[in-house]
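Structure file query_3.txt (compact mmCIF, C-alpha atoms and all ligand atoms) is printed below.
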# COMPACT_ATOMS: atom_id res chain seq x y z
CA MET N 1 1.63 -35.59 -40.10
CA ASN N 2 0.32 -32.05 -39.83
CA MET N 3 -2.08 -30.69 -37.20
CA ALA N 4 -5.13 -30.78 -39.49
CA SER N 5 -4.81 -34.45 -40.25
CA ILE N 6 -4.28 -35.10 -36.55
CA GLY N 7 -7.56 -33.29 -35.92
CA ILE N 8 -9.45 -35.51 -38.36
CA PHE N 9 -7.80 -38.55 -36.90
CA ILE N 10 -8.89 -37.55 -33.37
CA PHE N 11 -12.43 -36.95 -34.55
CA THR N 12 -12.72 -40.53 -35.82
CA LEU N 13 -11.00 -41.67 -32.65
CA ILE N 14 -13.64 -40.04 -30.44
CA LEU N 15 -16.38 -41.76 -32.47
CA THR N 16 -14.81 -45.17 -32.05
CA ALA N 17 -13.46 -44.74 -28.51
CA GLY N 18 -16.91 -45.02 -26.94
CA LYS N 19 -17.22 -48.71 -27.85
CA ALA N 20 -17.19 -51.20 -25.04
CA SER N 21 -13.64 -52.10 -24.22
CA PHE N 22 -11.39 -53.62 -21.62
CA VAL N 23 -9.85 -50.30 -20.77
CA ASN N 24 -11.19 -47.20 -19.04
CA VAL N 25 -9.69 -43.75 -18.69
CA HIS N 26 -10.19 -42.29 -15.23
CA CYS N 27 -9.53 -38.60 -14.74
CA LYS N 28 -9.68 -36.55 -11.58
CA THR N 29 -12.83 -34.43 -11.81
CA GLU N 30 -11.14 -31.22 -10.77
CA ASN N 31 -7.50 -30.17 -10.65
CA MET N 32 -6.21 -27.02 -8.97
CA GLY N 33 -3.49 -24.95 -10.57
CA GLN N 34 -1.55 -21.96 -9.26
CA TYR N 35 -0.89 -19.07 -11.58
CA GLY N 36 2.71 -19.13 -12.80
CA GLN N 37 3.31 -22.61 -11.35
CA GLN N 38 3.09 -26.10 -12.77
CA SER N 39 -0.29 -27.79 -13.02
CA LEU N 40 -1.17 -31.44 -13.23
CA LEU N 41 -4.23 -32.88 -14.97
CA GLU N 42 -4.50 -36.39 -13.63
CA CYS N 43 -5.69 -39.22 -15.84
CA ALA N 44 -4.88 -42.91 -15.73
CA VAL N 45 -5.77 -45.85 -17.94
CA GLU N 46 -7.36 -48.66 -16.02
CA THR N 47 -7.75 -52.15 -17.40
CA SER N 48 -10.30 -54.82 -16.53
CA GLN N 49 -9.19 -57.71 -14.39
CA GLY N 50 -7.03 -60.19 -16.22
CA VAL N 51 -6.14 -57.75 -18.98
CA THR N 52 -2.38 -57.28 -18.98
CA ASP N 53 0.36 -56.07 -21.26
CA VAL N 54 -1.77 -53.29 -22.67
CA VAL N 55 0.02 -51.12 -25.20
CA ILE N 56 -1.12 -47.55 -25.75
CA ARG N 57 -1.41 -46.61 -29.40
CA THR N 58 -2.68 -43.06 -29.13
CA VAL N 59 -3.09 -40.34 -26.50
CA SER N 60 -4.58 -36.99 -27.32
CA TRP N 61 -5.05 -34.06 -24.93
CA LYS N 62 -7.36 -31.27 -26.05
CA LYS N 63 -8.77 -28.21 -24.36
CA GLU N 64 -12.33 -27.05 -24.85
CA GLY N 65 -12.33 -24.01 -27.11
CA VAL N 66 -8.82 -24.63 -28.45
CA ASP N 67 -8.61 -26.16 -31.93
CA GLU N 68 -5.14 -27.63 -31.94
CA PRO N 69 -4.44 -30.57 -29.64
CA LEU N 70 -2.07 -29.72 -26.78
CA LEU N 71 -0.31 -33.05 -26.88
CA VAL N 72 -0.63 -36.05 -29.19
CA PHE N 73 1.13 -39.41 -28.96
CA HIS N 74 0.70 -41.41 -32.11
CA LYS N 75 2.84 -43.92 -33.99
CA GLU N 76 5.50 -43.87 -31.27
CA GLN N 77 5.81 -40.12 -31.62
CA THR N 78 4.82 -37.25 -29.34
CA ILE N 79 3.83 -33.92 -30.84
CA LYS N 80 3.11 -31.17 -28.34
CA GLN N 81 2.78 -27.48 -27.78
CA PRO N 82 5.52 -25.80 -25.72
CA ARG N 83 4.01 -25.71 -22.21
CA TYR N 84 2.63 -29.27 -22.20
CA SER N 85 4.10 -32.69 -21.57
CA PHE N 86 3.31 -36.06 -20.07
CA ALA N 87 3.52 -35.76 -16.29
CA GLU N 88 5.60 -38.92 -16.12
CA PRO N 89 9.16 -37.85 -16.95
CA SER N 90 10.04 -40.83 -19.13
CA TRP N 91 6.62 -41.81 -20.31
CA ASN N 92 6.31 -44.69 -22.77
CA ASN N 93 3.40 -46.54 -24.36
CA ARG N 94 3.24 -49.09 -21.52
CA ASN N 95 2.86 -46.45 -18.83
CA MET N 96 -0.80 -46.15 -17.91
CA ASN N 97 -0.36 -42.74 -16.23
CA VAL N 98 -1.27 -40.36 -19.06
CA SER N 99 -1.53 -37.24 -16.84
CA LEU N 100 -0.80 -33.91 -18.50
CA HIS N 101 1.74 -31.47 -17.08
CA ILE N 102 1.39 -27.74 -17.76
CA THR N 103 4.19 -25.31 -16.99
CA ASN N 104 3.75 -21.63 -16.17
CA THR N 105 0.00 -21.90 -15.64
CA ALA N 106 -2.02 -18.94 -16.92
CA VAL N 107 -5.56 -17.79 -16.14
CA GLU N 108 -6.71 -18.86 -19.61
CA ASP N 109 -5.60 -22.43 -18.88
CA GLN N 110 -8.65 -22.72 -16.68
CA GLY N 111 -11.32 -24.91 -18.29
CA VAL N 112 -12.32 -28.37 -19.43
CA TYR N 113 -9.82 -30.77 -20.95
CA THR N 114 -10.42 -33.97 -22.87
CA CYS N 115 -8.12 -36.96 -22.83
CA VAL N 116 -8.57 -39.56 -25.56
CA VAL N 117 -6.71 -42.84 -25.20
CA MET N 118 -6.59 -45.76 -27.66
CA THR N 119 -4.88 -49.03 -26.79
CA ASP N 120 -4.56 -52.38 -28.49
CA ARG N 121 -7.54 -53.48 -26.36
CA GLY N 122 -9.81 -50.53 -27.04
CA GLY N 123 -10.01 -46.98 -25.75
CA GLU N 124 -11.97 -44.31 -23.98
CA THR N 125 -12.40 -40.58 -23.73
CA SER N 126 -12.50 -38.77 -20.40
CA GLU N 127 -12.86 -35.20 -19.20
CA THR N 128 -11.14 -33.26 -16.47
CA ARG N 129 -11.27 -29.66 -15.26
CA LEU N 130 -8.57 -27.21 -14.26
CA LYS N 131 -9.22 -24.38 -11.83
CA VAL N 132 -6.61 -21.67 -11.56
CA THR N 133 -5.98 -19.49 -8.51
CA ALA N 134 -3.54 -16.69 -7.84
CA LYS N 135 -2.78 -15.19 -4.47
CA TYR N 136 -3.35 -11.48 -4.02
CA SER N 137 -0.39 -9.35 -2.99
CA LYS N 138 -0.14 -7.98 0.53
CA PRO N 139 -2.51 -4.99 0.58
CA ASN N 140 -0.95 -1.55 0.48
CA ILE N 141 -2.69 1.35 2.24
CA SER N 142 -2.05 4.98 1.44
CA ALA N 143 -3.71 8.25 2.36
CA GLU N 144 -5.44 9.75 -0.65
CA SER N 145 -4.51 13.25 0.43
CA GLU N 146 -1.57 13.91 2.73
CA LYS N 147 -3.89 15.11 5.47
CA VAL N 148 -5.51 12.09 7.06
CA THR N 149 -5.64 12.58 10.80
CA GLN N 150 -8.06 11.58 13.52
CA SER N 151 -9.38 15.11 13.80
CA THR N 152 -9.71 15.94 10.09
CA GLY N 153 -10.69 12.52 8.73
CA GLY N 154 -9.86 11.87 5.07
CA THR N 155 -9.71 8.98 2.65
CA LEU N 156 -7.61 5.82 2.85
CA VAL N 157 -6.93 3.81 -0.31
CA CYS N 158 -6.09 0.12 -0.17
CA ASN N 159 -4.67 -1.79 -3.15
CA THR N 160 -3.91 -5.39 -3.90
CA VAL N 161 -2.88 -6.94 -7.22
CA GLY N 162 -2.31 -10.19 -9.04
CA GLY N 163 -5.14 -12.29 -7.65
CA TYR N 164 -7.55 -14.75 -9.22
CA PRO N 165 -10.48 -15.28 -9.14
CA LYS N 166 -12.13 -12.05 -8.08
CA GLY N 167 -11.71 -11.40 -4.37
CA GLU N 168 -12.86 -8.76 -1.92
CA ILE N 169 -11.28 -6.03 0.18
CA ARG N 170 -12.68 -5.49 3.66
CA TRP N 171 -11.87 -2.81 6.24
CA PHE N 172 -11.71 -3.25 9.99
CA GLY N 173 -11.29 -0.73 12.80
CA GLU N 174 -9.13 -1.00 15.88
CA LEU N 175 -11.80 -3.02 17.72
CA ASN N 176 -12.13 -5.30 14.68
CA GLU N 177 -15.45 -3.69 13.74
CA ASP N 178 -16.31 -3.96 10.05
CA TRP N 179 -16.11 -0.68 8.09
CA THR N 180 -16.52 -2.22 4.65
CA LYS N 181 -19.94 -0.60 4.15
CA SER N 182 -18.30 2.84 4.31
CA ALA N 183 -15.88 1.88 1.54
CA LYS N 184 -16.08 1.63 -2.23
CA MET N 185 -14.25 -1.13 -4.08
CA GLU N 186 -13.10 -1.09 -7.69
CA VAL N 187 -12.11 -4.18 -9.65
CA LYS N 188 -9.79 -4.08 -12.64
CA LYS N 189 -8.82 -6.99 -14.86
CA THR N 190 -5.24 -6.93 -16.08
CA GLU N 191 -4.03 -8.28 -19.42
CA SER N 192 -2.99 -11.56 -17.87
CA GLY N 193 -6.53 -12.05 -16.58
CA LEU N 194 -5.57 -11.37 -12.98
CA PHE N 195 -7.54 -8.95 -10.83
CA GLU N 196 -6.50 -5.73 -9.19
CA LEU N 197 -8.65 -4.59 -6.29
CA SER N 198 -8.74 -1.10 -4.88
CA SER N 199 -10.94 0.21 -2.10
CA LYS N 200 -11.47 3.73 -0.74
CA LEU N 201 -12.52 4.22 2.86
CA THR N 202 -13.82 7.63 3.84
CA LEU N 203 -13.07 8.67 7.42
CA LEU N 204 -15.27 11.33 8.99
CA PRO N 205 -13.74 14.13 11.02
CA GLY N 206 -14.17 13.51 14.74
CA SER N 207 -15.15 9.85 14.39
CA THR N 208 -11.87 8.52 13.07
CA TYR N 209 -10.01 5.86 14.99
CA SER N 210 -6.28 5.47 15.28
CA MET N 211 -5.97 2.20 13.31
CA TYR N 212 -7.54 0.66 10.24
CA THR N 213 -6.88 -2.75 8.75
CA CYS N 214 -7.37 -3.60 5.10
CA ALA N 215 -7.77 -7.32 4.46
CA VAL N 216 -8.07 -9.17 1.15
CA PHE N 217 -10.35 -12.20 0.98
CA ASN N 218 -10.37 -14.77 -1.82
CA THR N 219 -13.46 -15.85 -3.69
CA SER N 220 -14.29 -18.54 -1.14
CA GLY N 221 -14.12 -16.06 1.72
CA GLY N 222 -10.70 -17.06 3.07
CA LYS N 223 -8.51 -14.23 4.30
CA GLU N 224 -5.33 -14.06 2.23
CA ASP N 225 -3.46 -11.13 3.73
CA GLU N 226 -3.87 -7.83 5.56
CA THR N 227 -2.17 -4.54 6.34
CA THR N 228 -2.76 -2.08 9.16
CA PHE N 229 -2.60 1.69 8.85
CA GLU N 230 -2.07 4.01 11.79
CA VAL N 231 -3.93 7.30 11.67
CA ARG N 232 -2.00 10.02 13.48
CA ASP N 233 -3.64 12.78 15.35
CA GLY N 234 -2.45 16.33 14.91
CA GLN N 235 0.30 17.54 12.60
CA ASP N 236 2.03 14.29 11.74
CA ALA N 237 -0.12 12.93 8.93
CA SER N 238 2.26 10.23 7.74
CA GLY N 239 0.68 6.90 8.50
CA ARG N 240 2.77 3.80 8.87
CA SER N 241 1.71 0.74 6.94
CA GLY N 242 3.19 -2.65 7.39
CA GLY N 243 0.77 -4.59 9.52
CA GLU N 244 2.98 -4.80 12.59
CA PRO N 245 0.74 -5.43 15.54
CA GLY N 246 3.04 -3.00 17.48
CA LYS N 247 2.10 -0.52 20.15
CA PRO N 248 0.11 2.43 18.95
CA SER N 249 1.84 5.59 20.12
CA VAL N 250 -0.34 7.64 22.44
CA PRO N 251 -0.61 11.11 20.92
CA ALA N 252 0.13 13.96 23.35
CA THR N 253 -3.31 15.42 22.63
CA THR N 254 -5.02 12.45 24.29
CA ILE N 255 -3.59 13.69 27.57
CA VAL N 256 -3.72 17.42 26.90
CA ALA N 257 -7.29 17.55 25.61
CA PRO N 258 -9.03 16.38 28.81
CA LEU N 259 -6.87 18.79 30.86
CA VAL N 260 -7.96 21.68 28.67
CA VAL N 261 -11.61 20.67 29.01
CA ILE N 262 -11.41 20.33 32.81
CA GLY N 263 -9.54 23.64 33.06
CA SER N 264 -12.12 25.56 31.10
CA LEU N 265 -14.93 23.95 33.12
CA ILE N 266 -13.36 25.18 36.36
CA VAL N 267 -12.85 28.69 34.99
CA GLY N 268 -16.46 28.72 33.73
CA LEU N 269 -17.85 27.59 37.10
CA LEU N 270 -15.83 30.21 38.97
CA GLY N 271 -17.11 32.90 36.61
CA LEU N 272 -20.68 31.73 37.09
CA ILE N 273 -20.42 31.81 40.89
CA LEU N 274 -18.90 35.30 40.88
CA TYR N 275 -21.52 36.56 38.48
CA ARG N 276 -24.39 35.16 40.55
CA ARG N 277 -23.03 36.65 43.75
CA ARG N 278 -22.86 40.06 42.20
CA SER N 279 -26.37 39.95 40.70
CA ILE N 280 -27.85 38.69 43.97
CA GLN N 281 -26.21 41.55 45.87
CA ALA N 282 -27.45 44.05 43.30
CA ARG N 283 -31.02 42.78 43.67
CA ARG N 284 -30.86 42.91 47.48
CA PHE N 285 -30.07 46.63 47.28
CA SER N 286 -32.80 47.52 44.81
CA ALA N 287 -35.54 45.24 46.17
CA THR N 288 -38.29 47.06 48.10
CA PRO N 289 -41.69 45.49 49.01
CA LEU N 290 -43.60 48.03 46.92
CA MET N 291 -41.73 47.36 43.77
CA SER N 292 -41.72 43.59 44.09
CA ASP N 293 -44.27 42.97 41.27
CA HIS N 294 -42.34 45.14 38.89
CA ARG N 295 -39.10 43.46 39.74
CA GLU N 296 -40.40 39.98 39.05
CA VAL N 297 -41.27 40.92 35.48
CA ARG N 298 -38.03 42.78 34.92
CA THR N 299 -35.96 39.89 36.21
CA CYS N 300 -37.64 37.49 33.81
CA GLU N 301 -36.84 39.73 30.84
CA SER N 302 -33.27 40.25 31.83
CA ASP N 303 -32.90 36.52 32.51
CA ALA N 304 -33.97 35.80 28.96
CA GLU N 305 -31.23 38.11 27.74
CA GLU N 306 -28.60 36.81 30.08
CA GLY N 307 -29.07 33.22 28.97
CA GLY N 308 -27.18 31.17 31.56
CA SER N 309 -28.57 29.53 34.72
CA ARG N 310 -32.01 31.04 34.46
CA GLU N 311 -33.90 28.55 36.59
CA MET N 312 -31.64 29.00 39.58
CA ASP N 313 -31.69 32.79 39.29
CA ARG N 314 -35.43 32.84 39.13
CA GLY N 315 -35.70 30.68 42.24
CA LYS N 316 -33.32 32.95 44.06
CA THR N 317 -35.15 36.07 42.89
CA SER N 318 -38.53 34.82 44.19
CA GLN N 319 -36.91 34.03 47.51
CA ASP N 320 -35.27 37.44 47.59
CA THR N 321 -38.48 39.26 46.81
CA LEU N 322 -40.38 37.30 49.43
CA ALA N 323 -37.75 38.29 51.95
C1 LIG N 401 0.94 -39.71 -12.54
O1 LIG N 401 2.24 -39.14 -12.56
C2 LIG N 401 2.39 -37.92 -11.90
C3 LIG N 401 3.83 -37.45 -12.13
O2 LIG N 401 4.74 -38.42 -11.82
C4 LIG N 401 2.07 -38.13 -10.43
O3 LIG N 401 2.21 -36.93 -9.73
C5 LIG N 401 0.66 -38.67 -10.28
O4 LIG N 401 0.37 -38.92 -8.94
C6 LIG N 401 0.48 -39.93 -11.10
N1 LIG N 401 -0.93 -40.29 -11.08
C7 LIG N 401 -1.36 -41.51 -10.86
C8 LIG N 401 -2.82 -41.74 -10.88
O5 LIG N 401 -0.57 -42.46 -10.64
C1 LIG N 402 -9.00 -19.06 0.07
O1 LIG N 402 -8.22 -18.84 1.22
C2 LIG N 402 -8.22 -19.91 2.14
C3 LIG N 402 -7.45 -19.47 3.35
O2 LIG N 402 -6.23 -18.88 3.02
C4 LIG N 402 -7.64 -21.16 1.45
O3 LIG N 402 -7.65 -22.24 2.34
C5 LIG N 402 -8.45 -21.49 0.21
O4 LIG N 402 -7.86 -22.56 -0.48
C6 LIG N 402 -8.52 -20.28 -0.69
N1 LIG N 402 -9.43 -20.58 -1.79
C7 LIG N 402 -9.18 -20.20 -3.05
C8 LIG N 402 -10.21 -20.56 -4.05
O5 LIG N 402 -8.18 -19.58 -3.35
Mind converting the file's structure to structure tokens?
Amino acid sequence: MNMASIGIFIFTLILTAGKASFVNVHCKTENMGQYGQQSLLECAVETSQGVTDVVIRTVSWKKEGVDEPLLVFHKEQTIKQPRYSFAEPSWNNRNMNVSLHITNTAVEDQGVYTCVVMTDRGGETSETRLKVTAKYSKPNISAESEKVTQSTGGTLVCNTVGGYPKGEIRWFGELNEDWTKSAKMEVKKTESGLFELSSKLTLLPGSTYSMYTCAVFNTSGGKEDETTFEVRDGQDASGRSGGEPGKPSVPATTIVAPLVVIGSLIVGLLGLILYRRRSIQARRFSATPLMSDHREVRTCESDAEEGGSREMDRGKTSQDTLA
């Protein structure tokens, strides 16, 4: 029997299978399959009470959108396509478990399947659905340019491959704050139907933290995996990826920078005090009661030029002139 005649046979079977009978075919509404693994489409023939010794004459498994049947049992013979078989290892026509087994599940196996069963007591047709998932790989983070540091900023790129259905990449900072809005994600579909996700996170100079985590979430919002990237400060731009919770090394600059700031503040204050002392002394010498009006004006002008600590100088000057 060739495939075409099987097709015609099944067509007539579907027309007749709907008739009231003592047997029902019960299929699981939804089956889950993992990409590359084995999948099971569960269907069983159930008989009414008191009906025993049922013999199956025909079983036909078809997939919506595929012309040729995947598996047909007819006249004691099973004809099937390579990846399909009865789930029961030594199935025979008295075994009511007509579940279909699929090896090496692919994305395109996802869909609606029809199982037609005819027995010596009647038959039925039932439908079942297969959903396929594939886990995304552990995300990989790299610096787009070699120079990503806390002071310069830069762009981090996170990649994950081989997932299905479409998932999402999200970014988190060292305090677990969500940076996803600052990132751009790209989705690519590979030949096998799996998705490749890639996301670019732009880090601004001066507001870059020392650690960023890239996490991949599946379509139902469950976190699948994550990787953490350490942003170095200073010369060493090579980040370490690997997601170890580890201790972040404290860059030397974290200690040196405050010292430098405090140092320059002290130097600046000293300079200011010295400068004020000198200008006060200078004014004392030149101040005479007659010239006081003149001086007030002149001091204001020169204050504007001098810039620093005007208010205090002015206060002092008025006091000086009064004295
Ligand atoms: C049918 O057989 C398969 C394979 O042995 C098994 O995993 C499944 O649970 C069986 N289903 C029913 C409804 O008995
Ligand atoms: C999504 O991930 C969660 C957690 O890992 C898991 O429980 C769930 O089954 C996954 N859903 C899909 C559709 O992959």
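We find CA of Arg129 in chain N and CA of Tyr84 in chain N to be spaced 15.5 Å apart.
Here the question is which of N:Val59, N:Leu100, N:Leu203, N:Met32 gets nearest to ligand LIG 401 (chain N) using all atoms listed in the file, and that residue is N:Leu100.
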task = Please provide as a PyMOL selection string all residues within 12 Å of Gly154 in chain N, with the sequence filter that same-chain residues fewer than 5 positions apart are discarded (counting all atoms listed in the file).
result = chain N and resi 142-149+200-209+231-232+237
Quick one: write out the picked residues with C-alpha atoms as a compact mmCIF listing (two decimals), keeping the file's coordinate frame?
# COMPACT_ATOMS: atom_id res chain seq x y z
CA SER N 142 -2.05 4.98 1.44
CA ALA N 143 -3.71 8.25 2.36
CA GLU N 144 -5.44 9.75 -0.65
CA SER N 145 -4.51 13.25 0.43
CA GLU N 146 -1.57 13.91 2.73
CA LYS N 147 -3.89 15.11 5.47
CA VAL N 148 -5.51 12.09 7.06
CA THR N 149 -5.64 12.58 10.80
CA LYS N 200 -11.47 3.73 -0.74
CA LEU N 201 -12.52 4.22 2.86
CA THR N 202 -13.82 7.63 3.84
CA LEU N 203 -13.07 8.67 7.42
CA LEU N 204 -15.27 11.33 8.99
CA PRO N 205 -13.74 14.13 11.02
CA GLY N 206 -14.17 13.51 14.74
CA SER N 207 -15.15 9.85 14.39
CA THR N 208 -11.87 8.52 13.07
CA TYR N 209 -10.01 5.86 14.99
CA VAL N 231 -3.93 7.30 11.67
CA ARG N 232 -2.00 10.02 13.48
CA ALA N 237 -0.12 12.93 8.93
task = List all protein, DNA and RNA residues that have an atom no more than 10 Å from any atom of ligand LIG 402 (chain N), counting all atoms listed in the file, and report them as a ChimeraX atom specification.
result = /N:32,34,131-136,163-167,216-225
inquiry  = Neighbouring residues of ligand LIG 401 (chain N) are defined here as those with any atom at most 6 Å from a ligand atom, counting only C-alpha atoms and all ligand atoms; list them as a count of residues only.
reply    = 6
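CA of Leu269 in chain N is found 27.8 Å from CA of Ser151 in chain N.
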ask   = Interatomic distance between CA of Glu177 in chain N and CA of Glu230 in chain N?
value = 15.6 Å
Could you write out as JSON the box around range 63-80 of chain N (axis-aligned, all atoms listed in the file, 5 Å on each side), with centre and edge lengths in Å to one decimal?
{"center_x": -3.3, "center_y": -34.0, "center_z": -29.2, "size_x": 28.1, "size_y": 29.9, "size_z": 19.6}
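Shortest atom-to-atom contact with Pro139 in chain N among N:Val116, N:Ala215, N:Ile56, N:Leu175: N:Ala215, counting all atoms listed in the file.
Compared by their closest atoms to Trp61 in chain N, and using only C-alpha atoms, the residues N:Thr114, N:His74, N:Thr103, N:Ser39 rank with N:Thr114 nearest.
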